[in-house]
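**Q** File query-v3.csv follows (CSV, C-alpha atoms):
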chain,number,residue,atom,x,y,z
S,1,MET,CA,0.0,0.0,0.0
S,2,VAL,CA,1.3,3.5,-1.0
S,3,SER,CA,1.4,6.0,1.8
S,4,SER,CA,0.2,9.6,1.3
S,5,ASP,CA,3.8,10.8,1.5
S,6,GLN,CA,5.0,8.4,-1.2
S,7,ARG,CA,2.0,9.5,-3.4
S,8,ARG,CA,2.9,13.2,-3.0
S,9,ARG,CA,6.6,12.4,-3.9
S,10,GLN,CA,5.5,10.5,-7.0
S,11,LEU,CA,3.2,13.3,-8.1
S,12,ALA,CA,6.0,15.8,-7.5
S,13,ARG,CA,8.4,13.7,-9.7
S,14,GLU,CA,5.8,13.5,-12.5
S,15,LYS,CA,5.2,17.3,-12.3
S,16,TYR,CA,8.9,17.9,-12.5
S,17,ALA,CA,9.3,15.6,-15.5
S,18,ARG,CA,6.5,17.4,-17.3
S,19,GLN,CA,8.2,20.8,-16.6
S,20,GLN,CA,11.5,19.5,-17.9
S,21,GLN,CA,9.8,18.2,-21.1
S,22,ARG,CA,8.1,21.5,-21.7
S,23,ARG,CA,11.5,23.3,-21.2
S,24,ALA,CA,13.2,21.0,-23.7
S,25,GLU,CA,10.4,21.6,-26.2
S,26,ALA,CA,10.7,25.3,-25.7
S,27,GLN,CA,14.5,25.2,-26.3
S,28,ARG,CA,14.0,23.2,-29.5
S,29,ARG,CA,11.5,25.7,-30.8
S,30,THR,CA,13.9,28.6,-30.0
S,31,ARG,CA,16.7,26.8,-31.9
S,32,ARG,CA,14.4,26.2,-34.9
S,33,ASN,CA,13.3,29.9,-34.9
S,34,THR,CA,17.0,31.0,-34.7
S,35,VAL,CA,17.8,28.8,-37.7
S,36,ILE,CA,14.9,30.2,-39.7
S,37,ALA,CA,15.8,33.8,-38.8
S,38,SER,CA,19.4,33.2,-39.9
S,39,SER,CA,18.2,31.7,-43.2
S,40,VAL,CA,16.0,34.7,-43.8
S,41,ALA,CA,18.9,37.0,-43.1
S,42,VAL,CA,21.0,35.2,-45.6
S,43,VAL,CA,18.3,35.5,-48.3
S,44,LEU,CA,17.8,39.2,-47.6
S,45,ALA,CA,21.6,39.8,-47.8
S,46,ALA,CA,21.7,38.0,-51.1
S,47,GLY,CA,18.9,40.1,-52.4
S,48,LEU,CA,20.7,43.3,-51.4
S,49,ALA,CA,23.8,42.0,-53.1
S,50,VAL,CA,21.9,41.5,-56.3
S,51,TRP,CA,20.4,45.0,-56.1
S,52,ALA,CA,23.9,46.4,-55.5
S,53,SER,CA,25.1,44.7,-58.7
S,54,VAL,CA,22.3,46.3,-60.7
S,55,ALA,CA,22.1,49.8,-59.4
S,56,LEU,CA,24.1,52.4,-61.3
S,57,THR,CA,25.3,55.1,-59.0
S,58,GLY,CA,26.6,58.4,-60.1
S,59,ASP,CA,27.8,61.8,-59.3
S,60,ASP,CA,28.6,63.4,-55.9
S,61,SER,CA,28.0,60.2,-54.1
S,62,LYS,CA,30.1,58.4,-51.5
S,63,SER,CA,28.8,54.9,-51.5
S,64,THR,CA,29.3,52.2,-48.8
S,65,GLU,CA,28.6,49.5,-51.4
S,66,ALA,CA,30.4,49.2,-54.7
S,67,SER,CA,27.3,49.9,-56.7
S,68,GLN,CA,25.1,51.8,-54.4
S,69,PRO,CA,23.0,54.3,-56.2
S,70,SER,CA,22.8,53.5,-56.4
S,71,GLU,CA,22.5,53.4,-57.5
S,72,THR,CA,21.3,54.8,-55.5
S,73,PRO,CA,21.3,54.2,-52.3
S,74,SER,CA,23.7,54.8,-49.4
S,75,ALA,CA,24.9,58.0,-51.1
S,76,ALA,CA,25.7,61.3,-49.6
S,77,PRO,CA,26.8,64.7,-51.1
S,78,THR,CA,30.6,65.2,-51.1
S,79,GLU,CA,30.5,68.9,-51.9
S,80,GLU,CA,28.3,71.9,-51.7
S,81,LYS,CA,25.7,71.9,-54.5
S,82,LYS,CA,25.8,74.5,-57.2
S,83,PRO,CA,22.9,75.6,-59.4
S,84,GLU,CA,22.3,73.8,-62.7
S,85,PRO,CA,23.8,75.6,-65.7
S,86,ALA,CA,21.5,78.1,-67.4
S,87,MET,CA,19.8,76.7,-70.5
S,88,SER,CA,21.8,77.8,-73.6
S,89,ILE,CA,21.1,75.1,-76.2
S,90,ASP,CA,18.5,74.8,-78.9
S,91,LYS,CA,15.9,72.5,-77.4
S,92,LYS,CA,14.7,71.5,-80.8
S,93,ALA,CA,18.1,70.5,-82.2
S,94,THR,CA,20.2,67.4,-82.3
S,95,TYR,CA,23.7,67.5,-80.8
S,96,THR,CA,26.7,65.3,-81.2
S,97,MET,CA,29.2,64.5,-78.5
S,98,ALA,CA,32.5,63.4,-79.9
S,99,LEU,CA,34.6,61.4,-77.4
S,100,LYS,CA,38.2,60.9,-78.4
S,101,THR,CA,39.5,58.0,-76.2
S,102,ASN,CA,42.6,55.9,-76.1
S,103,VAL,CA,40.6,52.8,-77.3
S,104,GLY,CA,39.0,54.6,-80.2
S,105,ASP,CA,36.6,57.4,-81.1
S,106,ILE,CA,33.0,57.3,-79.8
S,107,THR,CA,30.3,59.5,-81.3
S,108,VAL,CA,27.2,60.1,-79.3
S,109,THR,CA,24.0,61.5,-80.9
S,110,MET,CA,21.9,63.4,-78.4
S,111,ASP,CA,18.3,64.6,-78.9
S,112,ALA,CA,17.8,67.9,-77.0
S,113,ALA,CA,14.0,67.7,-77.5
S,114,LYS,CA,13.8,64.6,-75.3
S,115,ALA,CA,16.5,65.5,-72.7
S,116,PRO,CA,17.2,69.2,-72.8
S,117,HIS,CA,18.6,69.5,-69.3
S,118,THR,CA,21.0,66.6,-69.9
S,119,VAL,CA,22.2,67.8,-73.3
S,120,ASN,CA,22.6,71.3,-72.0
S,121,SER,CA,24.7,70.0,-69.1
S,122,PHE,CA,27.0,68.0,-71.4
S,123,LYS,CA,27.5,71.0,-73.7
S,124,HIS,CA,28.3,73.1,-70.6
S,125,LEU,CA,30.8,70.6,-69.2
S,126,ALA,CA,32.5,69.7,-72.5
S,127,ASP,CA,33.0,73.4,-73.3
S,128,LYS,CA,34.9,73.7,-70.0
S,129,LYS,CA,37.0,70.6,-70.9
S,130,TYR,CA,35.5,68.9,-67.9
S,131,PHE,CA,35.7,65.4,-69.4
S,132,ASP,CA,39.2,65.7,-70.9
S,133,GLY,CA,41.6,63.3,-69.3
S,134,THR,CA,39.0,61.4,-67.2
S,135,ALA,CA,38.9,57.6,-66.9
S,136,CYS,CA,35.9,55.3,-67.5
S,137,HIS,CA,36.0,53.8,-64.0
S,138,ARG,CA,33.4,51.0,-64.1
S,139,LEU,CA,32.7,48.0,-66.4
S,140,THR,CA,30.0,45.5,-65.8
S,141,THR,CA,30.0,42.1,-67.6
S,142,SER,CA,27.4,40.1,-65.6
S,143,GLY,CA,23.7,40.9,-65.3
S,144,ILE,CA,24.1,44.4,-66.8
S,145,PHE,CA,26.5,45.3,-69.6
S,146,VAL,CA,27.7,48.9,-69.5
S,147,LEU,CA,30.8,51.0,-69.4
S,148,GLN,CA,30.5,53.9,-67.0
S,149,CYS,CA,32.4,57.2,-67.5
S,150,GLY,CA,32.3,60.9,-66.7
S,151,ASP,CA,33.7,60.9,-63.2
S,152,PRO,CA,36.6,63.3,-62.8
S,153,LYS,CA,37.7,61.5,-59.6
S,154,GLY,CA,37.8,58.1,-61.4
S,155,ASP,CA,36.2,56.2,-58.5
S,156,GLY,CA,32.5,56.7,-58.9
S,157,THR,CA,32.1,59.5,-56.4
S,158,GLY,CA,32.8,62.6,-58.5
S,159,GLY,CA,30.5,65.1,-60.1
S,160,PRO,CA,30.1,68.7,-61.3
S,161,GLY,CA,28.7,69.9,-58.0
S,162,TYR,CA,25.1,70.3,-59.3
S,163,SER,CA,22.3,67.9,-60.2
S,164,ILE,CA,20.0,67.7,-63.2
S,165,PRO,CA,16.5,66.3,-63.4
S,166,ASP,CA,15.6,62.9,-64.8
S,167,GLU,CA,14.3,63.1,-68.3
S,168,ASN,CA,12.8,60.8,-71.0
S,169,LEU,CA,12.3,57.9,-68.5
S,170,ASN,CA,9.4,56.6,-70.7
S,171,GLY,CA,11.6,56.8,-73.8
S,172,LEU,CA,12.3,53.1,-73.8
S,173,GLY,CA,8.7,52.0,-73.4
S,174,LYS,CA,6.6,50.8,-70.5
S,175,ALA,CA,8.1,48.7,-67.8
S,176,ALA,CA,7.4,45.0,-67.8
S,177,LYS,CA,5.8,43.1,-64.9
S,178,ASP,CA,9.2,42.8,-63.3
S,179,GLY,CA,9.6,46.6,-63.3
S,180,MET,CA,12.3,46.5,-65.9
S,181,VAL,CA,12.8,48.0,-69.4
S,182,THR,CA,15.4,47.1,-72.0
S,183,TYR,CA,18.2,49.6,-72.5
S,184,PRO,CA,19.2,48.5,-76.1
S,185,LYS,CA,22.8,48.0,-77.1
S,186,GLY,CA,24.1,51.4,-78.2
S,187,THR,CA,22.1,53.4,-75.7
S,188,VAL,CA,23.8,56.2,-73.6
S,189,ALA,CA,22.1,57.0,-70.3
S,190,MET,CA,22.8,58.9,-67.1
S,191,ALA,CA,24.0,57.3,-63.9
S,192,ASN,CA,22.6,58.6,-60.7
S,193,ALA,CA,22.3,58.3,-56.9
S,194,GLY,CA,18.5,58.3,-56.8
S,195,PRO,CA,15.8,60.4,-58.5
S,196,ASN,CA,16.9,63.7,-60.0
S,197,THR,CA,20.5,63.4,-59.0
S,198,GLY,CA,22.2,63.1,-62.3
S,199,GLY,CA,25.5,65.0,-62.7
S,200,SER,CA,28.3,64.1,-65.1
S,201,GLN,CA,28.5,60.3,-65.0
S,202,PHE,CA,27.0,58.3,-67.8
S,203,PHE,CA,27.1,54.8,-69.1
S,204,LEU,CA,27.4,53.2,-72.5
S,205,VAL,CA,25.3,50.1,-73.1
S,206,TYR,CA,27.3,47.5,-75.2
S,207,LYS,CA,24.7,44.7,-74.9
S,208,ASP,CA,21.0,44.8,-74.4
S,209,THR,CA,20.5,45.3,-70.6
S,210,LYS,CA,17.4,45.2,-68.4
S,211,LEU,CA,17.2,47.9,-65.8
S,212,PRO,CA,14.5,49.8,-63.9
S,213,PRO,CA,13.5,52.9,-66.0
S,214,ASN,CA,15.3,55.2,-63.6
S,215,TYR,CA,18.2,56.3,-65.8
S,216,THR,CA,17.8,59.1,-68.3
S,217,PRO,CA,18.4,57.7,-71.8
S,218,PHE,CA,19.6,60.7,-73.7
S,219,GLY,CA,21.4,59.4,-76.8
S,220,THR,CA,22.9,56.6,-78.8
S,221,PHE,CA,26.5,55.9,-79.9
S,222,ASP,CA,27.9,54.9,-83.2
S,223,ALA,CA,29.0,51.5,-84.6
S,224,ASP,CA,32.7,52.3,-84.3
S,225,GLY,CA,32.2,53.3,-80.7
S,226,LEU,CA,30.3,50.2,-80.0
S,227,LYS,CA,33.1,48.1,-81.4
S,228,ALA,CA,35.6,49.9,-79.2
S,229,VAL,CA,33.5,49.3,-76.0
S,230,GLU,CA,32.9,45.7,-76.9
S,231,GLU,CA,36.7,45.2,-77.1
S,232,VAL,CA,37.0,46.7,-73.6
S,233,ALA,CA,34.3,44.4,-72.3
S,234,LYS,CA,36.0,41.4,-73.9
S,235,ALA,CA,39.1,42.1,-71.9
S,236,GLY,CA,37.0,41.9,-68.7
S,237,VAL,CA,37.1,43.5,-65.3
S,238,ALA,CA,40.3,44.0,-63.4
S,239,GLY,CA,40.7,41.1,-60.9
S,240,GLY,CA,38.3,38.9,-62.8
S,241,ALA,CA,35.1,40.0,-61.2
S,242,GLY,CA,31.9,41.0,-63.1
S,243,ASP,CA,31.8,44.6,-61.9
S,244,GLY,CA,34.7,47.0,-61.4
S,245,ALA,CA,37.4,48.9,-63.1
S,246,PRO,CA,38.0,47.7,-66.7
S,247,GLN,CA,41.1,45.6,-67.2
S,248,LYS,CA,41.7,47.5,-70.4
S,249,LYS,CA,41.9,51.1,-69.1
S,250,VAL,CA,39.8,53.7,-71.0
S,251,THR,CA,40.5,57.4,-70.9
S,252,ILE,CA,38.5,60.2,-72.5
S,253,GLU,CA,41.3,62.3,-74.0
S,254,LYS,CA,38.9,65.0,-75.3
S,255,ALA,CA,35.2,65.6,-75.4
S,256,ALA,CA,33.4,68.1,-77.6
S,257,VAL,CA,29.6,68.8,-78.0
S,258,THR,CA,28.4,70.5,-81.2
S,259,LYS,CA,25.0,71.2,-82.8
S,260,LYS,CA,24.2,69.1,-85.9
For this file, write the structure as structure tokens.

**A**
Amino acid sequence: MVSSDQRRRQLAREKYARQQQRRAEAQRRTRRNTVIASSVAVVLAAGLAVWASVALTGDDSKSTEASQPSETPSAAPTEEKKPEPAMSIDKKATYTMALKTNVGDITVTMDAAKAPHTVNSFKHLADKKYFDGTACHRLTTSGIFVLQCGDPKGDGTGGPGYSIPDENLNGLGKAAKDGMVTYPKGTVAMANAGPNTGGSQFFLVYKDTKLPPNYTPFGTFDADGLKAVEEVAKAGVAGGAGDGAPQKKVTIEKAAVTKK
């Protein structure tokens, strides 16, 4: 026969066992949640890395990520902003920007009717020899296919000290369901660090590239120029990555903008 004391001790042991079981289950749930949270963090980090590889940053930005307008994103002014140059071009005319580079001549045809602020800015800067002696600092060979130029510092953070508005963002058609449009091979467009932050940096598309319609397409470049940029792309990125300084260095020796 079990005494009342023995019964109490047995009940206490059973209660203690149940408590231990509940604690063990709680610990297992915590470990599972930690693993799930870590997995989500990895996925988010990967997504941000992809965004960084796509974003095209530009002028007057100091980026904490290699591509962040972006891109874009994580950019801050590096100098006091100046006013945009006064409009001095014929808004109904077509202009030509002749880029003499060490890898060949590149001729860009610019339509002032579609991007008057952009064309006016390039005319203003070229007349001041702003682009002369500058390096094309960025080449991308994976995901997007562009050569980026126009930075007097040569590291992606330089600009003229003023910003110009985005223009002609619908010029390449309506965005698809994924939010992208195709920037055709031969397109010239503005890099930026977010809406209405264009300055002097621009990119030359040497292969059809899908991007958000956030970058002002303001012209096209000729077949000889395309061939030259394709040769630069063929040489790849310094260090073998898909995004960085071109292995084959490109320098704009002289830039001139004239009315057609």

**Q** Contacts of Ala86 in chain S at 12 Å or less, counting all atoms listed in the file, minus same-chain residues fewer than 3 places along, as a count of residues only?

**A** 13

**Q** For a quick check of understanding, using all atoms listed in the file, which of S:Pro152, S:Asp127, S:Leu172, S:Thr197 has the smallest distance to Lys81 in chain S?

**A**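 Looking at the shortest contact to Lys81 in chain S, the residue is S:Thr197.
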
**Q** With only C-alpha atoms as the atoms that count, which of S:Leu99, S:Gly239, S:Lys153, S:Ser142 lies nearest to Lys129 in chain S?

**A**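 For Lys129 in chain S, the nearest of the candidates is S:Leu99.
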
**Q** Which of these, S:Asp105, S:Met110, S:Lys260, S:Pro85, has the shortest distance to Gly199 in chain S once you count only C-alpha atoms?

**A**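 Counting only C-alpha atoms, the residue closest to Gly199 in chain S is S:Pro85.
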
**Q** Taking only C-alpha atoms into account, name the residue in S:Gly143, S:Lys100, S:Leu211, S:Cys136 that is nearest to Asp178 in chain S.

**A**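 Checking each candidate against Asp178 in chain S, we get S:Leu211 as the closest.
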
**Q** Using only C-alpha atoms for the distances, tell me which of S:Thr220, S:Gly194, S:Leu169, S:Tyr206 is nearest to Lys234 in chain S.

**A**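 Of S:Thr220, S:Gly194, S:Leu169, S:Tyr206, the one nearest Lys234 in chain S is S:Tyr206, counting only C-alpha atoms.
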
**Q** What's the separation between CA of Asn214 in chain S and CA of Gly158 in chain S, in Å to one decimal place?

**A**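 CA of Gly158 in chain S lies at a distance of 19.7 Å from CA of Asn214 in chain S.
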
**Q** Just checking: using all atoms listed in the file, which residue out of S:Leu125, S:Ala245, S:Val188, S:Met87 ends up closest to Thr109 in chain S?

**A**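 Nearest candidate to Thr109 in chain S out of S:Leu125, S:Ala245, S:Val188, S:Met87: S:Val188.
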
**Q** Rounded to one decimal, what separation in Å do you get between CA of Thr134 in chain S and CA of Leu56 in chain S?

**A**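 Atom-to-atom, CA of Thr134 in chain S to CA of Leu56 in chain S, that is 18.4 Å.
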
**Q** Suppose you want the space between CA of Ala241 in chain S and CA of Gly150 in chain S; what is it in Å?

**A** 21.8 Å
